[in-house]
Structure formats: C-alpha cells, structure tokens
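Student: mmCIF, C-alpha atoms, file entry-v5.cif:
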data_target
loop_
_atom_site.label_atom_id
_atom_site.label_comp_id
_atom_site.auth_asym_id
_atom_site.auth_seq_id
_atom_site.Cartn_x
_atom_site.Cartn_y
_atom_site.Cartn_z
CA MET A 1 -23.75 72.87 -28.37
CA LYS A 2 -26.71 75.22 -28.85
CA ARG A 3 -28.69 75.89 -25.70
CA TRP A 4 -31.89 77.78 -25.10
CA TYR A 5 -32.09 80.72 -22.73
CA MET A 6 -35.09 82.68 -21.54
CA LEU A 7 -34.26 86.34 -21.58
CA THR A 8 -36.46 88.74 -19.62
CA VAL A 9 -35.89 92.45 -20.13
CA VAL A 10 -37.69 95.19 -18.23
CA GLY A 11 -37.25 98.95 -18.17
CA ALA A 12 -38.74 102.35 -18.85
CA ASP A 13 -40.10 102.33 -22.41
CA ARG A 14 -38.29 104.20 -25.13
CA LEU A 15 -37.95 103.97 -28.88
CA GLY A 16 -35.67 101.28 -30.25
CA ILE A 17 -35.28 98.84 -27.37
CA VAL A 18 -36.35 95.80 -29.39
CA ALA A 19 -34.11 96.77 -32.30
CA ARG A 20 -31.03 97.33 -30.13
CA LEU A 21 -31.65 94.19 -28.09
CA SER A 22 -32.18 91.95 -31.11
CA GLU A 23 -29.17 93.44 -32.92
CA THR A 24 -27.00 92.74 -29.91
CA LEU A 25 -28.24 89.17 -29.69
CA TYR A 26 -27.90 88.60 -33.43
CA HIS A 27 -24.35 89.92 -33.57
CA GLY A 28 -23.57 87.85 -30.49
CA GLY A 29 -24.54 84.68 -32.34
CA CYS A 30 -28.04 84.12 -30.94
CA ASN A 31 -31.00 82.76 -32.82
CA LEU A 32 -34.34 83.93 -31.45
CA GLY A 33 -37.36 81.71 -30.88
CA GLU A 34 -40.73 82.71 -29.48
CA ALA A 35 -41.06 86.18 -27.97
CA SER A 36 -43.72 88.27 -26.33
CA MET A 37 -43.47 91.97 -25.59
CA ALA A 38 -45.86 93.94 -23.47
CA ARG A 39 -45.99 97.59 -22.52
CA LEU A 40 -47.43 97.70 -19.04
CA GLY A 41 -48.00 100.96 -17.24
CA GLY A 42 -45.59 102.72 -19.59
CA ASN A 43 -42.90 100.15 -18.87
CA PHE A 44 -41.30 98.02 -21.49
CA SER A 45 -41.12 94.29 -20.93
CA ILE A 46 -40.18 91.40 -23.15
CA MET A 47 -39.57 87.72 -22.74
CA LEU A 48 -37.79 85.94 -25.50
CA MET A 49 -36.22 82.61 -26.25
CA ALA A 50 -32.65 82.84 -27.49
CA GLN A 51 -30.57 79.92 -28.70
CA THR A 52 -26.79 80.08 -28.66
CA ASP A 53 -23.70 78.03 -27.94
CA THR A 54 -22.42 80.84 -25.72
CA ASP A 55 -22.55 80.07 -22.00
CA ILE A 56 -24.75 82.08 -19.69
CA GLU A 57 -21.98 84.27 -18.27
CA ALA A 58 -20.71 85.21 -21.73
CA LEU A 59 -24.25 86.04 -22.82
CA ARG A 60 -24.70 88.20 -19.73
CA LEU A 61 -21.49 90.06 -20.61
CA GLN A 62 -22.65 90.58 -24.20
CA LEU A 63 -25.83 92.22 -22.97
CA ALA A 64 -24.32 94.27 -20.14
CA PRO A 65 -23.30 97.39 -22.14
CA LEU A 66 -26.76 97.69 -23.70
CA ALA A 67 -28.49 97.14 -20.37
CA ARG A 68 -26.37 99.92 -18.84
CA GLU A 69 -26.93 102.31 -21.73
CA LEU A 70 -30.72 101.86 -21.89
CA ASN A 71 -31.12 101.30 -18.16
CA LEU A 72 -32.71 97.89 -18.60
CA HIS A 73 -33.00 95.03 -16.14
CA VAL A 74 -31.91 91.85 -17.87
CA HIS A 75 -32.63 88.44 -16.44
CA LEU A 76 -31.29 85.25 -18.00
CA ASP A 77 -32.28 81.66 -17.38
CA ARG A 78 -31.00 78.54 -19.00
CA ILE A 79 -34.15 76.64 -19.99
CA GLU A 80 -35.12 73.25 -21.28
CA ALA A 81 -37.08 74.29 -24.34
CA GLN A 82 -38.39 73.10 -27.64
CA LEU A 83 -40.08 74.97 -30.43
CA HIS A 84 -43.34 73.63 -31.89
CA GLU A 85 -44.76 72.77 -28.48
CA HIS A 86 -47.91 74.87 -28.86
CA VAL A 87 -51.12 73.89 -27.15
CA GLU A 88 -54.30 75.16 -28.78
CA PRO A 89 -56.73 76.79 -26.36
CA ASN A 90 -60.31 75.50 -26.43
CA LEU A 91 -61.91 78.17 -24.25
CA ARG A 92 -61.79 81.93 -23.80
CA ILE A 93 -62.89 83.48 -20.54
CA THR A 94 -63.68 87.17 -20.57
CA VAL A 95 -63.85 88.78 -17.15
CA SER A 96 -64.96 92.31 -16.40
CA GLY A 97 -66.36 94.37 -13.59
CA ALA A 98 -65.81 97.32 -11.29
CA ASP A 99 -62.14 97.18 -10.39
CA ARG A 100 -61.25 95.85 -6.97
CA ALA A 101 -58.43 93.84 -5.48
CA GLY A 102 -58.82 90.07 -5.72
CA ILE A 103 -60.57 89.50 -9.06
CA VAL A 104 -57.58 87.77 -10.65
CA ALA A 105 -56.90 85.61 -7.60
CA GLU A 106 -60.53 84.55 -7.29
CA VAL A 107 -61.05 83.81 -10.97
CA THR A 108 -57.75 82.05 -11.62
CA GLY A 109 -58.04 80.14 -8.32
CA ALA A 110 -61.42 78.78 -9.36
CA LEU A 111 -60.06 77.95 -12.81
CA ALA A 112 -57.01 76.13 -11.46
CA ARG A 113 -59.14 74.07 -9.07
CA ALA A 114 -61.33 73.10 -12.04
CA GLY A 115 -58.28 71.90 -13.98
CA PHE A 116 -58.18 74.79 -16.47
CA ASN A 117 -54.71 75.58 -17.82
CA ILE A 118 -54.12 79.26 -18.70
CA LEU A 119 -52.26 79.62 -21.99
CA ASP A 120 -52.61 83.36 -22.49
CA LEU A 121 -53.75 86.15 -20.22
CA TYR A 122 -54.25 89.81 -20.90
CA SER A 123 -55.74 92.32 -18.55
CA ASP A 124 -56.25 96.04 -18.38
CA VAL A 125 -57.75 98.66 -16.13
CA ALA A 126 -60.10 100.86 -18.10
CA GLY A 127 -62.90 103.26 -17.17
CA THR A 128 -61.92 106.40 -15.30
CA ALA A 129 -59.69 107.05 -12.30
CA ALA A 130 -62.82 107.58 -10.18
CA LYS A 131 -64.62 104.51 -11.52
CA PRO A 132 -62.05 102.05 -12.83
CA ILE A 133 -63.20 98.88 -14.53
CA TYR A 134 -61.16 95.73 -14.76
CA VAL A 135 -61.05 93.67 -17.96
CA MET A 136 -59.26 90.36 -18.33
CA ILE A 137 -59.17 87.94 -21.22
CA ILE A 138 -57.88 84.43 -20.63
CA ASP A 139 -57.38 81.77 -23.28
CA GLY A 140 -56.70 78.29 -22.10
CA PHE A 141 -57.39 74.64 -22.18
CA ALA A 142 -60.28 73.08 -20.30
CA PRO A 143 -59.84 69.30 -20.44
CA GLN A 144 -63.54 68.73 -19.73
CA GLY A 145 -64.89 71.58 -21.84
CA ALA A 146 -66.85 74.63 -20.73
CA GLU A 147 -69.61 72.96 -18.68
CA THR A 148 -67.57 72.02 -15.60
CA LEU A 149 -66.06 75.51 -15.56
CA GLU A 150 -69.47 77.16 -15.58
CA ALA A 151 -70.21 75.50 -12.27
CA ALA A 152 -66.81 76.42 -10.83
CA LEU A 153 -67.22 80.07 -11.78
CA ALA A 154 -70.87 80.47 -10.83
CA PRO A 155 -70.19 81.68 -7.25
CA LEU A 156 -68.01 84.51 -8.62
CA ARG A 157 -70.90 85.90 -10.64
CA LYS A 158 -72.64 86.72 -7.37
CA THR A 159 -69.75 89.03 -6.43
CA GLY A 160 -70.49 91.41 -9.31
CA VAL A 161 -67.94 90.05 -11.76
CA ASP A 162 -69.11 89.45 -15.33
CA LEU A 163 -67.75 86.22 -16.76
CA ARG A 164 -68.25 85.03 -20.29
CA LEU A 165 -67.09 81.66 -21.57
CA THR A 166 -66.57 81.31 -25.31
CA PRO A 167 -65.54 77.96 -26.76
CA LEU A 168 -62.62 78.28 -29.17
CA ASP A 169 -62.41 75.85 -32.05
CA THR A 170 -59.45 76.57 -34.27
CA LEU A 171 -60.42 76.14 -37.90
CA ILE A 172 -57.88 74.17 -39.90
CA GLY A 173 -58.28 74.63 -43.63
CA MET B 1 -57.75 58.17 -55.08
CA ALA B 2 -54.43 59.51 -54.01
CA ILE B 3 -53.32 61.59 -51.06
CA LEU B 4 -51.62 64.62 -52.55
CA GLU B 5 -48.67 66.51 -51.17
CA VAL B 6 -49.69 69.74 -49.42
CA LEU B 7 -47.58 72.80 -50.26
CA ARG B 8 -46.25 74.60 -47.23
CA TYR B 9 -45.54 78.27 -46.73
CA PRO B 10 -43.19 79.94 -47.77
CA ASP B 11 -43.59 77.98 -51.01
CA ALA B 12 -44.15 80.72 -53.62
CA ARG B 13 -46.71 78.59 -55.44
CA LEU B 14 -49.20 79.29 -52.65
CA ARG B 15 -49.20 82.91 -53.88
CA GLN B 16 -50.37 81.97 -57.36
CA VAL B 17 -53.86 83.06 -58.43
CA SER B 18 -55.83 80.07 -59.70
CA SER B 19 -57.76 80.08 -62.95
CA ALA B 20 -61.37 79.16 -63.55
CA VAL B 21 -62.33 75.57 -64.25
CA VAL B 22 -63.52 75.30 -67.86
CA GLU B 23 -63.69 71.55 -68.37
CA PHE B 24 -66.11 69.56 -66.27
CA GLY B 25 -64.91 66.09 -67.16
CA GLU B 26 -63.29 63.00 -65.77
CA ASN B 27 -60.05 64.80 -64.83
CA LEU B 28 -61.95 67.21 -62.63
CA ARG B 29 -63.82 64.33 -61.00
CA ARG B 30 -60.57 62.50 -60.33
CA PHE B 31 -58.90 65.57 -58.90
CA ALA B 32 -61.89 66.31 -56.64
CA ALA B 33 -61.65 62.78 -55.24
CA ASP B 34 -57.93 63.21 -54.55
CA LEU B 35 -58.54 66.62 -52.94
CA GLU B 36 -61.13 65.04 -50.64
CA ALA B 37 -58.88 62.09 -49.77
CA THR B 38 -56.11 64.54 -48.88
CA MET B 39 -58.42 66.62 -46.69
CA ARG B 40 -59.81 63.53 -44.93
CA ALA B 41 -56.28 62.28 -44.27
CA SER B 42 -55.62 65.24 -41.96
CA PRO B 43 -57.57 64.88 -38.72
CA GLY B 44 -59.51 68.03 -37.85
CA CYS B 45 -59.09 69.58 -41.28
CA VAL B 46 -62.37 71.13 -42.47
CA GLY B 47 -61.34 72.50 -45.84
CA LEU B 48 -58.77 72.31 -48.58
CA ALA B 49 -58.25 74.35 -51.72
CA ALA B 50 -56.74 73.11 -54.98
CA PRO B 51 -53.68 75.41 -54.92
CA GLN B 52 -52.69 73.90 -51.56
CA VAL B 53 -52.03 70.68 -53.47
CA ASN B 54 -50.27 72.34 -56.40
CA TYR B 55 -53.30 72.49 -58.71
CA PHE B 56 -54.11 76.03 -59.76
CA GLN B 57 -57.77 75.88 -60.64
CA ARG B 58 -60.62 77.45 -58.70
CA ILE B 59 -61.71 74.42 -56.71
CA ALA B 60 -62.18 74.18 -52.94
CA LEU B 61 -63.67 71.64 -50.62
CA VAL B 62 -65.30 72.46 -47.29
CA ASP B 63 -66.89 70.08 -44.81
CA VAL B 64 -67.49 71.25 -41.26
CA SER B 65 -70.13 68.60 -40.50
CA SER B 66 -67.84 66.88 -37.98
CA LYS B 67 -68.09 69.90 -35.65
CA PRO B 68 -70.76 69.68 -32.99
CA LYS B 69 -73.72 72.05 -32.75
CA ILE B 70 -73.19 74.19 -35.82
CA LYS B 71 -75.25 74.86 -38.93
CA HIS B 72 -73.71 73.44 -42.07
CA ASN B 73 -74.33 72.38 -45.65
CA GLY B 74 -72.44 69.11 -45.32
CA ARG B 75 -69.70 68.47 -47.85
CA MET B 76 -69.40 71.36 -50.29
CA LEU B 77 -67.29 71.01 -53.40
CA LEU B 78 -66.95 74.59 -54.63
CA ILE B 79 -65.94 75.01 -58.26
CA ASN B 80 -65.44 78.55 -59.55
CA PRO B 81 -66.98 79.91 -56.34
CA VAL B 82 -68.09 83.53 -56.10
CA ILE B 83 -69.19 85.31 -52.94
CA LEU B 84 -72.53 86.96 -53.68
CA GLU B 85 -73.24 88.39 -50.23
CA GLN B 86 -71.32 88.97 -47.01
CA HIS B 87 -72.82 90.15 -43.74
CA GLY B 88 -71.48 90.84 -40.27
CA ALA B 89 -67.99 90.25 -38.98
CA ALA B 90 -66.50 88.02 -36.33
CA VAL B 91 -63.03 87.15 -35.11
CA GLY B 92 -62.13 83.48 -34.98
CA ARG B 93 -59.06 81.38 -34.62
CA GLU B 94 -57.62 79.78 -37.73
CA GLY B 95 -54.81 77.54 -38.77
CA CYS B 96 -53.89 76.02 -42.09
CA LEU B 97 -52.38 72.78 -43.40
CA SER B 98 -50.07 74.98 -45.47
CA VAL B 99 -48.87 76.89 -42.39
CA PRO B 100 -48.17 74.18 -39.79
CA ASP B 101 -47.94 74.99 -36.08
CA PHE B 102 -49.24 78.53 -36.25
CA THR B 103 -52.73 79.75 -35.42
CA GLY B 104 -54.11 83.24 -35.21
CA ASN B 105 -57.21 85.37 -35.02
CA VAL B 106 -58.80 86.42 -38.29
CA LEU B 107 -61.77 88.71 -38.94
CA ARG B 108 -64.27 87.19 -41.39
CA ALA B 109 -67.87 87.79 -42.44
CA GLU B 110 -70.40 85.97 -40.26
CA ARG B 111 -72.87 85.09 -43.01
CA ILE B 112 -72.23 84.62 -46.69
CA VAL B 113 -73.96 83.49 -49.83
CA VAL B 114 -71.67 81.69 -52.24
CA ARG B 115 -72.42 80.58 -55.78
CA SER B 116 -70.38 77.81 -57.33
CA HIS B 117 -70.60 74.91 -59.71
CA ASP B 118 -70.73 71.23 -58.95
CA LEU B 119 -68.88 68.47 -60.80
CA ASP B 120 -71.43 68.51 -63.63
CA GLY B 121 -71.09 72.25 -64.09
CA THR B 122 -74.48 72.93 -62.53
CA ALA B 123 -74.65 76.24 -60.64
CA ARG B 124 -75.46 76.01 -56.93
CA GLU B 125 -75.92 78.50 -54.14
CA TYR B 126 -75.05 77.95 -50.51
CA ARG B 127 -75.91 80.04 -47.49
CA CYS B 128 -73.24 79.67 -44.82
CA GLU B 129 -72.80 81.18 -41.41
CA GLY B 130 -70.31 81.24 -38.57
CA TYR B 131 -67.71 78.51 -38.63
CA GLU B 132 -68.74 77.26 -42.06
CA ALA B 133 -68.65 80.77 -43.57
CA ARG B 134 -65.18 81.19 -42.08
CA ALA B 135 -64.04 77.91 -43.63
CA VAL B 136 -65.37 78.89 -47.08
CA LEU B 137 -63.71 82.32 -46.93
CA HIS B 138 -60.43 80.78 -45.77
CA GLU B 139 -60.43 78.35 -48.72
CA LEU B 140 -61.50 80.98 -51.26
CA ASP B 141 -58.55 83.12 -50.19
CA HIS B 142 -56.24 80.30 -51.33
CA LEU B 143 -57.68 80.59 -54.85
CA ASP B 144 -56.45 84.18 -54.92
CA GLY B 145 -53.02 83.37 -53.50
CA LEU B 146 -53.90 84.64 -50.03
CA LEU B 147 -53.18 82.92 -46.72
CA PHE B 148 -54.70 83.53 -43.30
CA LEU B 149 -51.27 84.91 -42.38
CA ASP B 150 -52.15 87.91 -44.57
CA ARG B 151 -55.18 88.62 -42.40
CA VAL B 152 -54.03 87.56 -38.95
CA GLU B 153 -54.57 90.00 -36.12
CA SER B 154 -52.60 90.61 -32.99
CA PRO B 155 -53.93 88.28 -30.28
CA ARG B 156 -54.91 91.42 -28.42
CA GLN B 157 -56.44 93.28 -31.33
CA ASP B 158 -60.05 92.32 -30.62
CA LEU B 159 -59.86 93.97 -27.24
CA PHE B 160 -58.40 97.13 -28.74
CA ARG B 161 -61.11 97.24 -31.34
CA ARG B 162 -63.81 97.29 -28.67
CA LYS B 163 -61.95 100.10 -26.93
CA THR B 164 -62.09 102.38 -29.97
CA TYR B 165 -65.89 102.07 -30.06
CA LYS B 166 -66.35 103.44 -26.55
#
Written as structure tokens, that's how I'd like the structure from this file.

Tutor:
Amino acid sequence: MKRWYMLTVVGADRLGIVARLSETLYHGGCNLGEASMARLGGNFSIMLMAQTDTDIEALRLQLAPLARELNLHVHLDRIEAQLHEHVEPNLRITVSGADRAGIVAEVTGALARAGFNILDLYSDVAGTAAKPIYVMIIDGFAPQGAETLEAALAPLRKTGVDLRLTPLDTLIG
Amino acid sequence: MAILEVLRYPDARLRQVSSAVVEFGENLRRFAADLEATMRASPGCVGLAAPQVNYFQRIALVDVSSKPKIKHNGRMLLINPVILEQHGAAVGREGCLSVPDFTGNVLRAERIVVRSHDLDGTAREYRCEGYEARAVLHELDHLDGLLFLDRVESPRQDLFRRKTYK
C-alpha cells in the first residue's frame, strides 16, 4: 500500500543536491508530491512529500548512501497526507523594521491570538551588518478579514515595526 | 442555455490561438449565453474565455461586479478584444478553471483600455483597472493560447524584485 512520508533534508549547499535526491527517490520507487526548498544562510533545506509502498526503514536505507556522500541530514516521518488540500490565503502581512530579537514572536503571537492561520512565511535580514533590517512576509487566512487583525496588531506599531495588511483575493478566470 | 465542459490543462487545445469572430448572428448570441451560464455555474469565477470551453473564437466574458469595493464595468462580453493601452504593473494572485487547485502570483498591467465588439458588432471601449484589468488580461491570454501558468512567478519573486531596486 502506498504511504506518504515527509522527508526533510538539510545540509551545506552545493550543486546538484535536488537532482541526486530526486533521482534516488525516483529509482527507489517514490512518487513526489508537494515540495519546498529554501536556501537559508547558505544552507540547503528541503521538505518534500514522497509516496511509496516501501516502509520507513527501507526508505531510510535507500537514502543513507546519498546522505553520507553529500553530508546531508535526512529526517523521515510517516504522515497522514492528501494532495489537493490547499487553503487560499486571504491576507498578506508585510512586516519590516530595524532588526531586533522578538519581532517574529510578537507578530505571530498577536496573529495567533486573533485567529489568523499562517499558510506561508518568508523572512530575511537585509540592510547592512551595522544596521540590519528585518523583513517578513506572511500569507495566511484571517477568518474575520483584515479589520480584527488591525486592532490586534496596532500595539506592535508603537514598537517601531512597520506592518502592512494587504487583502488577497485570488482571481479565478 | 447549456453549461459547457471546461477544458483542463494539459489539454493541448488550450494552446490553440483563437480566430476573430466574423459573423455576429444567432450562433454567436447562443454561444455567449452558454459561456455566461458556464461561468456563473462556477462560484467565484470572474471570467471565462471561449477556448476554455473548446470554442476557438476571440470571445471572452468578464464580470467582477460580485467583488466588494472595486471599480468595474459590470458584465463585459468582449468580442475580438484588443488592448489599446496598458499602464503600471502589479502582482496579484490568480487561478483558473482550466488549471484546478493551483494558484500563483502573476504580474499584470494595473490599468488598461480595451476595445472590443458587442453582440451586434458595435465597437466599444472599456477602461479597466486593478482586479478587473487583471481579469481581462487573464482571459485575453486564453485567446492566444496562453495560461497564467506561463506567467506565474515564484511566490518569493516580488520580494526579490524590490531588492534589485535598492
């Protein structure tokens, strides 16, 4: 029976990791689902859904030689998963300001308390080493729309963080 | 009126370039009614182009009037549409009846002027902006065999674009 696994792979970035990893999975009988790769601080990371009738230990063994050769950390989880379970975001929140510890915790804490579900998050530290700026873009679903979130986020504006809320309305044509 | 079957990617027919409407008669009227019935049958759908329903003539329907707080021209039946002017650019999220369960960011003009014909063959001009302009441009792409998939950006692309302007 085909089962879904969540495969998380982390390591120093180098050319060809995705190709070698996907070849290994393909030749090992896996079908890939959704995947997201990010290069963070020069490190390679990817999460991907793989479907196979191989059990978790056999899959681990299939990946072991590649992990050794490319010095990758591989983490495998058996997951309950379905494709076509996408949720469309209805709000984008853009956050920026002078970098300091705590921005993410404060913003996402306020969002969670207001019932906002984060569907996608991307953040970066820009500016210069002497004056770093923090930028974060969050897409998610606000069940009650943007208005209730405005109130929840208002206190954060006083701390020098710029917050911009942009409604997202996916056009279907 | 009939609800027509919507072609779904990767159906090669979606890549066909549609030809200009030359006869403004009863057949066109009937097809336009079917196109509208098909669009209305899909909740949230704001536009549909003839090639999406296997009819390769330059006809598109756009109606964004159900969306709150936006400028619009109401229901626009665009026959042989031509873009006369395009201004500005904005990224927005799009999906398509012909590409189910996938959405992505697409860069489109913010304001356009489009000239088209109505069912009687009378020329008309529409000024559209924002969401409505996006809908018109999305549908006009179908007439040239293009899908939003051909224009979709990385979800992170808009951030990178700002970076390059620093």

Student: I'd like to know which of B:Gln57, B:Gln52, B:Thr38, B:Ser18 is closest to Met1 (chain B), using all atoms listed in the file.

Tutor: B:Thr38

Student: Using only C-alpha atoms, which residues of chain B come within 7 Å of chain A, and what is the closest atom pair for each, with the distance in Å to one decimal? Give it as a Markdown table, sorted by chain and residue number.

Tutor:
| residue | atom | partner | partner_atom | distance |
| --- | --- | --- | --- | --- |
| B:Gly44 | CA | A:Ile172 | CA | 6.7 |
| B:Cys45 | CA | A:Ile172 | CA | 4.9 |
| B:Val46 | CA | A:Gly173 | CA | 5.5 |
| B:Gly47 | CA | A:Gly173 | CA | 4.3 |
| B:Leu48 | CA | A:Gly173 | CA | 5.5 |
| B:Arg93 | CA | A:Thr170 | CA | 4.8 |
| B:Glu94 | CA | A:Leu171 | CA | 4.6 |
| B:Gly95 | CA | A:Ile172 | CA | 4.7 |
| B:Cys96 | CA | A:Gly173 | CA | 4.9 |
| B:Leu97 | CA | A:Gly173 | CA | 6.2 |
| B:Asp101 | CA | A:His84 | CA | 6.4 |
| B:Ala135 | CA | A:Gly173 | CA | 6.6 |
| B:His138 | CA | A:Gly173 | CA | 6.9 |
| B:Glu139 | CA | A:Gly173 | CA | 6.7 |

Student: In Å to one decimal, how far is CA of Val113 (chain B) from CA of Glu85 (chain B)?

Tutor: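 So the answer is 5.0 Å.
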
Student: Using the chain letters and numbering of this document, enumerate as a PyMOL selection string the residues selected by the PyMOL selection byres ((chain A and resi 30-36) around 12).

Tutor: (chain A and resi 2-9+18+21-29+37-39+44-56+58-59+62-63+81-86+120-122) or (chain B and resi 102+154-156)

Student: How many Å lie between CA of Leu7 (chain B) and CA of Ser19 (chain B), rounded to one decimal?

Tutor: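 CA of Ser19 (chain B) lies 17.8 Å from CA of Leu7 (chain B).
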
Student: Please indicate the distance in Å from CA of Ile138 (chain A) to CA of Leu153 (chain A), rounded to one decimal place.

Tutor: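 We find that CA of Ile138 (chain A) and CA of Leu153 (chain A) lie 13.6 Å from each other.
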
Student: Taking the file as shown, what set of residues would the PyMOL selection byres ((chain B and resi 134) around 9) give back, as a list of chain:residue names?

Tutor: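 For this structure, the PyMOL selection byres ((chain B and resi 134) around 9) captures A:Leu171, B:Gly92, B:Glu94, B:Leu107, B:Arg108, B:Ala109, B:Glu110, B:Arg111, B:Cys128, B:Glu129, B:Gly130, B:Tyr131, B:Glu132, B:Ala133, B:Ala135, B:Val136, B:Leu137, B:His138, B:Glu139.
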
Student: Near region 9-17 of chain B, counting only C-alpha atoms, which residues have an atom at most 10 Å away, once you skip same-chain residues fewer than 3 positions from it, shown as a compact mmCIF listing (two decimals) with C-alpha atoms, in the coordinates of the input?

Tutor:
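See selection-v4.txt below for the written result:
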# COMPACT_ATOMS: atom_id res chain seq x y z
CA VAL B 6 -49.69 69.74 -49.42
CA ALA B 20 -61.37 79.16 -63.55
CA PRO B 51 -53.68 75.41 -54.92
CA GLN B 52 -52.69 73.90 -51.56
CA VAL B 53 -52.03 70.68 -53.47
CA ASN B 54 -50.27 72.34 -56.40
CA TYR B 55 -53.30 72.49 -58.71
CA PHE B 56 -54.11 76.03 -59.76
CA GLN B 57 -57.77 75.88 -60.64
CA ARG B 58 -60.62 77.45 -58.70
CA CYS B 96 -53.89 76.02 -42.09
CA LEU B 97 -52.38 72.78 -43.40
CA SER B 98 -50.07 74.98 -45.47
CA VAL B 99 -48.87 76.89 -42.39
CA PRO B 100 -48.17 74.18 -39.79
CA ASP B 141 -58.55 83.12 -50.19
CA HIS B 142 -56.24 80.30 -51.33
CA LEU B 143 -57.68 80.59 -54.85
CA ASP B 144 -56.45 84.18 -54.92
CA GLY B 145 -53.02 83.37 -53.50
CA LEU B 146 -53.90 84.64 -50.03
CA LEU B 147 -53.18 82.92 -46.72
CA LEU B 149 -51.27 84.91 -42.38

Student: The residues within 12 Å of (-28.5, 98.5, -22.3), using all atoms listed in the file and the coordinates of the file, should be reported as an mmCIF file with C-alpha atoms, in the coordinates of the input; which are they?

Tutor:
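The resulting selection25.cif:
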data_model
loop_
_atom_site.group_PDB
_atom_site.id
_atom_site.type_symbol
_atom_site.label_atom_id
_atom_site.label_comp_id
_atom_site.auth_asym_id
_atom_site.auth_seq_id
_atom_site.Cartn_x
_atom_site.Cartn_y
_atom_site.Cartn_z
ATOM 1 C CA VAL A 9 -35.890 92.450 -20.130
ATOM 2 C CA VAL A 10 -37.690 95.190 -18.230
ATOM 3 C CA GLY A 11 -37.250 98.950 -18.170
ATOM 4 C CA ALA A 12 -38.740 102.350 -18.850
ATOM 5 C CA ARG A 14 -38.290 104.200 -25.130
ATOM 6 C CA GLY A 16 -35.670 101.280 -30.250
ATOM 7 C CA ILE A 17 -35.280 98.840 -27.370
ATOM 8 C CA VAL A 18 -36.350 95.800 -29.390
ATOM 9 C CA ALA A 19 -34.110 96.770 -32.300
ATOM 10 C CA ARG A 20 -31.030 97.330 -30.130
ATOM 11 C CA LEU A 21 -31.650 94.190 -28.090
ATOM 12 C CA SER A 22 -32.180 91.950 -31.110
ATOM 13 C CA GLU A 23 -29.170 93.440 -32.920
ATOM 14 C CA THR A 24 -27.000 92.740 -29.910
ATOM 15 C CA LEU A 25 -28.240 89.170 -29.690
ATOM 16 C CA ARG A 60 -24.700 88.200 -19.730
ATOM 17 C CA LEU A 61 -21.490 90.060 -20.610
ATOM 18 C CA GLN A 62 -22.650 90.580 -24.200
ATOM 19 C CA LEU A 63 -25.830 92.220 -22.970
ATOM 20 C CA ALA A 64 -24.320 94.270 -20.140
ATOM 21 C CA PRO A 65 -23.300 97.390 -22.140
ATOM 22 C CA LEU A 66 -26.760 97.690 -23.700
ATOM 23 C CA ALA A 67 -28.490 97.140 -20.370
ATOM 24 C CA ARG A 68 -26.370 99.920 -18.840
ATOM 25 C CA GLU A 69 -26.930 102.310 -21.730
ATOM 26 C CA LEU A 70 -30.720 101.860 -21.890
ATOM 27 C CA ASN A 71 -31.120 101.300 -18.160
ATOM 28 C CA LEU A 72 -32.710 97.890 -18.600
ATOM 29 C CA HIS A 73 -33.000 95.030 -16.140
ATOM 30 C CA VAL A 74 -31.910 91.850 -17.870
#

Student: I'd like the neighbourhood of Leu149 (chain A) as a compact mmCIF listing (two decimals) with C-alpha atoms, in the coordinates of the input, where a residue qualifies if any of its atoms comes within 12 Å (using only C-alpha atoms), though same-chain residues fewer than 4 positions away should be ignored.

Tutor:
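Saved file part_34.txt follows:
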# COMPACT_ATOMS: atom_id res chain seq x y z
CA LEU A 91 -61.91 78.17 -24.25
CA ARG A 92 -61.79 81.93 -23.80
CA ILE A 93 -62.89 83.48 -20.54
CA VAL A 107 -61.05 83.81 -10.97
CA THR A 108 -57.75 82.05 -11.62
CA GLY A 109 -58.04 80.14 -8.32
CA ALA A 110 -61.42 78.78 -9.36
CA LEU A 111 -60.06 77.95 -12.81
CA ALA A 112 -57.01 76.13 -11.46
CA ARG A 113 -59.14 74.07 -9.07
CA ALA A 114 -61.33 73.10 -12.04
CA GLY A 115 -58.28 71.90 -13.98
CA PHE A 116 -58.18 74.79 -16.47
CA ASN A 117 -54.71 75.58 -17.82
CA GLY A 140 -56.70 78.29 -22.10
CA PHE A 141 -57.39 74.64 -22.18
CA ALA A 142 -60.28 73.08 -20.30
CA PRO A 143 -59.84 69.30 -20.44
CA GLN A 144 -63.54 68.73 -19.73
CA GLY A 145 -64.89 71.58 -21.84
CA LEU A 153 -67.22 80.07 -11.78
CA ALA A 154 -70.87 80.47 -10.83
CA PRO A 155 -70.19 81.68 -7.25
CA LEU A 156 -68.01 84.51 -8.62
CA LEU A 163 -67.75 86.22 -16.76
CA ARG A 164 -68.25 85.03 -20.29
CA LEU A 165 -67.09 81.66 -21.57
CA THR A 166 -66.57 81.31 -25.31
CA PRO A 167 -65.54 77.96 -26.76

Student: Give me the residues within 8 Å of region 73-83 of chain B as an MDAnalysis selection string, counting only C-alpha atoms and dropping any in the same chain fewer than 5 places off.

Tutor: chainID B and resid 20:21 32 58:65 112:119 126 128 140

Student: Can you sort out the box for region 30-33 of chain B, edges along x, y and z, all listed atoms in, 5 Å on every side, with centre and edge lengths in Å to one decimal, as JSON?

Tutor:
{"center_x": -60.4, "center_y": 64.4, "center_z": -57.8, "size_x": 13.0, "size_y": 13.8, "size_z": 15.1}

Student: Name the residues that the PyMOL selection byres ((chain B and resi 2) around 12) pulls out of this structure, and write them as a count of residues only.

Tutor: 17

Student: Counting only C-alpha atoms, which of B:Ala90, B:Gly104, B:Arg29, B:Lys71 gets nearest to Asp150 (chain B)?

Tutor: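 When distances to Asp150 (chain B) are compared using only C-alpha atoms, the smallest one comes from B:Gly104.
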